Amino acid sequence: MACDICDDTGWKTIDVGGVARVTRCDCTQLSLRERRMRDARIPPRYQRCTLENLVTYENELFLKAVEKARRFAETYPAASKGLMLIGPPGIGKTHIAVAVLRRVVSDTGARGLYYDTRALLREIRSTYNPTLNSAEMDVLRPVMEAELLVLDDLGAERLTDWVEETMSLIVNTRYNERRLTIFTSNHEDIPDDTDMNSLLVRVGFRLHSRLREMCDFLEYDGPDYRDLPPNAGAEDLYKLWKGRPRRKLPQRTTGQARAQLRGPAREREPRADLKWPGGRAGS
Ligand SMILES: Nc1ncnc2c1ncn2[C@@H]1O[C@H](COP(=O)(O)OP(=O)(O)OP(=O)(O)O)[C@@H](O)[C@H]1O
Ligand SMILES: [Mg+2]
Ligand SMILES: [Zn+2]
């Protein structure tokens with residue numbers, strides 16, 4: 001993403017007593033890594049998330065997810081697969097995803113990018129124009145080209161043809177270019193295509209099978225950290241988690257999904273209006 005002030009030329013025009021002067025832009029004072037961090041679009045709420053300030057407690061699957069995330073960050077870009085963090089709200093999925101992103105950007109200066117999936121789709125939609133897709137590409141290009149992308153809350157969006165095609169374009173392009181992506185989702189990965197809330201149904205068959213290939217799936221349960229007082233410790237987390245029955249992911253509604261789906265994994269034509277030079281979109 002270019003500097004807002006100088007468009008990455010490194011020079012800006014200032015007014016000195018009514019006379020225009022050219023001077024070095026402030027952004028040249030920032031190191032590459034600082035600029036990359038600024039450009040990653042990490043929401044203020046998550047700016048301070050690190051793997052170090054994540055409170056861990058006795059929860060096998062959670063610890064496994066944290067360990068996997070840590071290894072991913074430490075060995076970046078060596079990992080061959082991205083991560084898919086799945087579980088109920090408030091268990092630190094976004095925290096972990098952002099912590100990895102921040103670590104990778106600050107350690108390696110990689111071009112990292114965070115997007116909430118719904119916000120991304122909204123942004124693309126707002127620029128969408130069937131005859132002129134350059135504005136749409138302005139949003140899509142950095143998402144497709146980011147060296148490490150976090151796509152938060154996958155499957156929260158209602159699946160329409162447009163959503164499926166747009167998400168497929170993004171994911172396929174990144175898949176073809178071997179770029180790493182970290183996803184989070186509230187939707188369980190169960191092989192039940194009649195469950196409206198399964199990841200499979202929420203994202204569609206084609207995207208789902210790509211995701212399985214692209215990511216290590218890390219599914220875990222835990223207490224909602226948002227229910228705890230500030231500075232809760234490991235013991236509080238463990239007690240809250242054990243004191244409650246296994247948290248349910250969004251309500252199950254079985255039997256209707258198939259009828260509501262637009263057919264099985266039928267092959268679709270690539271989007272003719274969105275051609276991506278590097279990737280084989282829609283393949
Ligand atoms: N184990 C933890 N230690 C410290 N902070 C935590 C932990 N788990 C969650 N948090 C904090 O709790 C808040 C909620 O966590 P987060 O947003 O990561 O949850 P989530 O699993 O992404 O939930 P959702 O599915 O609703 O998006 C964040 O501010 C996060 O930093
Ligand atoms: Mg989240
Ligand atoms: Zn600048």
# chains A, B, ... in the order shown; residues from 1 in each chain; ligands from 1
$ residues_around --residues "Glu60 (chain A)" --least-positions-apart "3" --cutoff "12 Å" --atoms "only C-alpha atoms" --output "number ranges by chain"
A: 56-57, 63-67, 218-222, 238
$ residues_around --residues "Glu213 (chain A)" --least-positions-apart "4" --cutoff "10 Å" --atoms "only C-alpha atoms" --output "VMD selection string"
chain A and resid 81 to 82 175 208 to 209 217
$ residues_near_ligand --ligand "ligand 1" --cutoff "6 Å" --atoms "only C-alpha atoms and all ligand atoms" --output "list in words"
Cys49, Leu54, Val55, Thr56, Pro88, Pro89, Gly90, Ile91, Gly92, Lys93, Thr94, His95, Asn186, Tyr225 and Arg226 of chain A
$ atom_distance --atom1 "CA of Ile86 (chain A)" --atom2 "CA of Ala146 (chain A)"
22.3 Å
$ residues_near_ligand --ligand "ligand 3" --cutoff "12 Å" --atoms "only C-alpha atoms and all ligand atoms" --output "list of chain:residue names"
A:Met1, A:Ala2, A:Cys3, A:Asp4, A:Ile5, A:Cys6, A:Asp7, A:Asp8, A:Thr9, A:Gly10, A:Trp11, A:Lys12, A:Thr13, A:Thr23, A:Arg24, A:Cys25, A:Asp26, A:Cys27, A:Thr28, A:Gln29, A:Leu30, A:Ser31, A:Leu32, A:Arg35
$ select_by_dssp --residues "region 68-274 of chain A" --states "strand (DSSP E)" --output "list in words"
Gly82, Leu83, Met84, Leu85, Ile86, Gly112, Leu113, Tyr114, Tyr115, Asp116, Leu148, Leu149, Val150, Leu151, Asp152, Leu180, Thr181, Ile182, Phe183, Thr184, Ser185, Cys215, Asp216, Phe217, Leu218 and Glu219 of chain A
$ write_last_selection --atoms "N, CA, C and O atoms" --output "short mmCIF file (atom, residue, chain, number, x, y, z; two decimals), in the first residue's frame"
data_model
loop_
_atom_site.label_atom_id
_atom_site.label_comp_id
_atom_site.auth_asym_id
_atom_site.auth_seq_id
_atom_site.Cartn_x
_atom_site.Cartn_y
_atom_site.Cartn_z
N GLY A 82 -0.98 -22.80 5.34
CA GLY A 82 -1.45 -21.76 6.25
C GLY A 82 -2.19 -22.40 7.42
O GLY A 82 -2.09 -23.60 7.65
N LEU A 83 -2.93 -21.57 8.17
CA LEU A 83 -3.64 -22.07 9.35
C LEU A 83 -5.13 -21.78 9.22
O LEU A 83 -5.52 -20.76 8.65
N MET A 84 -5.93 -22.68 9.77
CA MET A 84 -7.37 -22.47 9.84
C MET A 84 -7.77 -22.67 11.30
O MET A 84 -7.76 -23.79 11.81
N LEU A 85 -8.06 -21.55 11.99
CA LEU A 85 -8.41 -21.62 13.41
C LEU A 85 -9.93 -21.64 13.54
O LEU A 85 -10.61 -20.71 13.08
N ILE A 86 -10.45 -22.70 14.16
CA ILE A 86 -11.90 -22.87 14.23
C ILE A 86 -12.34 -23.08 15.68
O ILE A 86 -11.72 -23.83 16.43
N GLY A 112 2.22 -8.07 4.96
CA GLY A 112 1.13 -8.76 5.64
C GLY A 112 -0.14 -7.94 5.54
O GLY A 112 -0.08 -6.71 5.38
N LEU A 113 -1.27 -8.60 5.65
CA LEU A 113 -2.54 -7.89 5.56
C LEU A 113 -3.61 -8.61 6.37
O LEU A 113 -3.72 -9.84 6.31
N TYR A 114 -4.38 -7.81 7.14
CA TYR A 114 -5.51 -8.34 7.89
C TYR A 114 -6.80 -7.87 7.26
O TYR A 114 -6.92 -6.69 6.91
N TYR A 115 -7.75 -8.75 7.13
CA TYR A 115 -9.10 -8.35 6.71
C TYR A 115 -10.13 -9.20 7.42
O TYR A 115 -10.00 -10.42 7.51
N ASP A 116 -11.16 -8.55 7.93
CA ASP A 116 -12.35 -9.26 8.34
C ASP A 116 -13.08 -9.62 7.05
O ASP A 116 -13.25 -8.77 6.18
N LEU A 148 1.47 -12.58 3.45
CA LEU A 148 0.72 -13.30 4.48
C LEU A 148 -0.60 -12.57 4.70
O LEU A 148 -0.61 -11.38 5.02
N LEU A 149 -1.69 -13.28 4.52
CA LEU A 149 -3.02 -12.68 4.67
C LEU A 149 -3.75 -13.34 5.83
O LEU A 149 -3.72 -14.56 5.98
N VAL A 150 -4.40 -12.51 6.67
CA VAL A 150 -5.32 -13.06 7.66
C VAL A 150 -6.73 -12.74 7.18
O VAL A 150 -7.06 -11.58 6.96
N LEU A 151 -7.54 -13.76 6.99
CA LEU A 151 -8.95 -13.57 6.66
C LEU A 151 -9.76 -14.04 7.86
O LEU A 151 -9.86 -15.23 8.13
N ASP A 152 -10.29 -13.05 8.58
CA ASP A 152 -10.93 -13.31 9.85
C ASP A 152 -12.41 -13.62 9.64
O ASP A 152 -13.05 -13.00 8.79
N LEU A 180 0.71 -17.75 1.65
CA LEU A 180 0.16 -18.31 2.89
C LEU A 180 -0.98 -17.45 3.44
O LEU A 180 -0.93 -16.22 3.40
N THR A 181 -1.99 -18.14 3.95
CA THR A 181 -3.17 -17.45 4.48
C THR A 181 -3.55 -18.08 5.83
O THR A 181 -3.48 -19.28 5.99
N ILE A 182 -3.94 -17.21 6.77
CA ILE A 182 -4.47 -17.68 8.05
C ILE A 182 -5.94 -17.30 8.09
O ILE A 182 -6.29 -16.13 7.94
N PHE A 183 -6.80 -18.28 8.28
CA PHE A 183 -8.24 -18.04 8.37
C PHE A 183 -8.70 -18.29 9.80
O PHE A 183 -8.12 -19.10 10.52
N THR A 184 -9.77 -17.61 10.20
CA THR A 184 -10.47 -18.01 11.42
C THR A 184 -11.93 -18.22 11.05
O THR A 184 -12.44 -17.62 10.10
N SER A 185 -12.59 -19.07 11.81
CA SER A 185 -14.02 -19.29 11.56
C SER A 185 -14.71 -19.83 12.81
O SER A 185 -14.10 -20.50 13.63
N CYS A 215 -4.39 -25.37 4.25
CA CYS A 215 -4.25 -25.04 5.66
C CYS A 215 -4.14 -26.25 6.57
O CYS A 215 -4.72 -27.30 6.28
N ASP A 216 -3.46 -26.05 7.69
CA ASP A 216 -3.58 -26.98 8.80
C ASP A 216 -4.79 -26.56 9.60
O ASP A 216 -4.88 -25.40 10.02
N PHE A 217 -5.72 -27.47 9.79
CA PHE A 217 -6.93 -27.15 10.55
C PHE A 217 -6.69 -27.30 12.04
O PHE A 217 -6.26 -28.36 12.50
N LEU A 218 -6.94 -26.23 12.78
CA LEU A 218 -6.75 -26.23 14.22
C LEU A 218 -8.07 -25.88 14.88
O LEU A 218 -8.48 -24.73 14.91
N GLU A 219 -8.76 -26.91 15.33
CA GLU A 219 -10.09 -26.70 15.90
C GLU A 219 -10.00 -26.89 17.40
O GLU A 219 -9.45 -27.89 17.87
#
$ closest_residue --among "A:Arg70, A:Ile190, A:Val163, A:Tyr46" --to "ligand 2" --atoms "only C-alpha atoms and all ligand atoms"
A:Tyr46
$ atom_distance --atom1 "CA of Leu199 (chain A)" --atom2 "CA of Glu164 (chain A)"
13.0 Å
$ closest_residue --among "A:Leu228, A:Val201, A:Ala78, A:Val98" --to "ligand 2" --atoms "only C-alpha atoms and all ligand atoms"
A:Val98
$ atom_distance --atom1 "CA of Met167 (chain A)" --atom2 "CA of Asp192 (chain A)"
21.3 Å
$ closest_residue --among "A:Met196, A:Leu154, A:Ala119, A:Val22" --to "ligand 2" --atoms "only C-alpha atoms and all ligand atoms"
A:Leu154
$ residues_around --residues "Glu34 (chain A)" --least-positions-apart "3" --cutoff "9 Å" --atoms "only C-alpha atoms" --output "ChimeraX atom specification"
/A:30-31,37-39,105-106,109
$ select_by_dssp --residues "region 10-259 of chain A" --states "alpha helix (DSSP H)" --output "count of residues only"
106
$ closest_residue --among "A:Ala156, A:Ala110, A:Ile14, A:Ala69" --to "ligand 2" --atoms "only C-alpha atoms and all ligand atoms"
A:Ala156
$ residues_around --residues "His187 (chain A)" --least-positions-apart "4" --cutoff "8 Å" --atoms "only C-alpha atoms" --output "PyMOL selection string"
chain A and resi 86-88+155+197-199+202+249-250
$ write_last_selection --atoms "N, CA and C atoms" --output "mmCIF file, in the first residue's frame"
data_model
loop_
_atom_site.group_PDB
_atom_site.id
_atom_site.type_symbol
_atom_site.label_atom_id
_atom_site.label_comp_id
_atom_site.auth_asym_id
_atom_site.auth_seq_id
_atom_site.Cartn_x
_atom_site.Cartn_y
_atom_site.Cartn_z
ATOM 1 N N ILE A 86 -10.445 -22.699 14.157
ATOM 2 C CA ILE A 86 -11.899 -22.866 14.232
ATOM 3 C C ILE A 86 -12.345 -23.078 15.676
ATOM 4 N N GLY A 87 -13.442 -22.421 16.047
ATOM 5 C CA GLY A 87 -14.007 -22.640 17.368
ATOM 6 C C GLY A 87 -15.017 -21.566 17.729
ATOM 7 N N PRO A 88 -15.631 -21.693 18.912
ATOM 8 C CA PRO A 88 -16.671 -20.749 19.330
ATOM 9 C C PRO A 88 -16.104 -19.342 19.596
ATOM 10 N N GLY A 155 -16.995 -17.423 6.598
ATOM 11 C CA GLY A 155 -18.276 -18.121 6.664
ATOM 12 C C GLY A 155 -19.362 -17.348 7.387
ATOM 13 N N ASN A 197 -24.668 -25.089 9.413
ATOM 14 C CA ASN A 197 -23.596 -24.340 10.054
ATOM 15 C C ASN A 197 -22.224 -24.972 9.927
ATOM 16 N N SER A 198 -22.139 -26.028 9.138
ATOM 17 C CA SER A 198 -20.812 -26.597 8.916
ATOM 18 C C SER A 198 -20.023 -25.665 8.013
ATOM 19 N N LEU A 199 -18.722 -25.701 8.176
ATOM 20 C CA LEU A 199 -17.859 -24.861 7.336
ATOM 21 C C LEU A 199 -18.108 -25.168 5.858
ATOM 22 N N ARG A 202 -21.148 -23.428 4.734
ATOM 23 C CA ARG A 202 -20.986 -21.967 4.805
ATOM 24 C C ARG A 202 -20.107 -21.403 3.691
ATOM 25 N N LEU A 249 -21.240 -24.546 18.949
ATOM 26 C CA LEU A 249 -21.084 -23.627 17.839
ATOM 27 C C LEU A 249 -22.489 -23.292 17.378
ATOM 28 N N PRO A 250 -22.665 -22.346 16.452
ATOM 29 C CA PRO A 250 -24.008 -21.929 16.058
ATOM 30 C C PRO A 250 -25.003 -23.097 15.921
#
$ closest_residue --among "A:Arg210, A:Asn172, A:Asp227, A:Pro43" --to "ligand 2" --atoms "only C-alpha atoms and all ligand atoms"
A:Pro43
$ closest_residue --among "A:Asn59, A:Ser126, A:Thr117, A:Thr75" --to "ligand 2" --atoms "only C-alpha atoms and all ligand atoms"
A:Thr117
$ residues_around --residues "Arg244 (chain A)" --least-positions-apart "3" --cutoff "12 Å" --atoms "only C-alpha atoms" --output "MDAnalysis selection string"
chainID A and resid 221:224 237:241 247:248
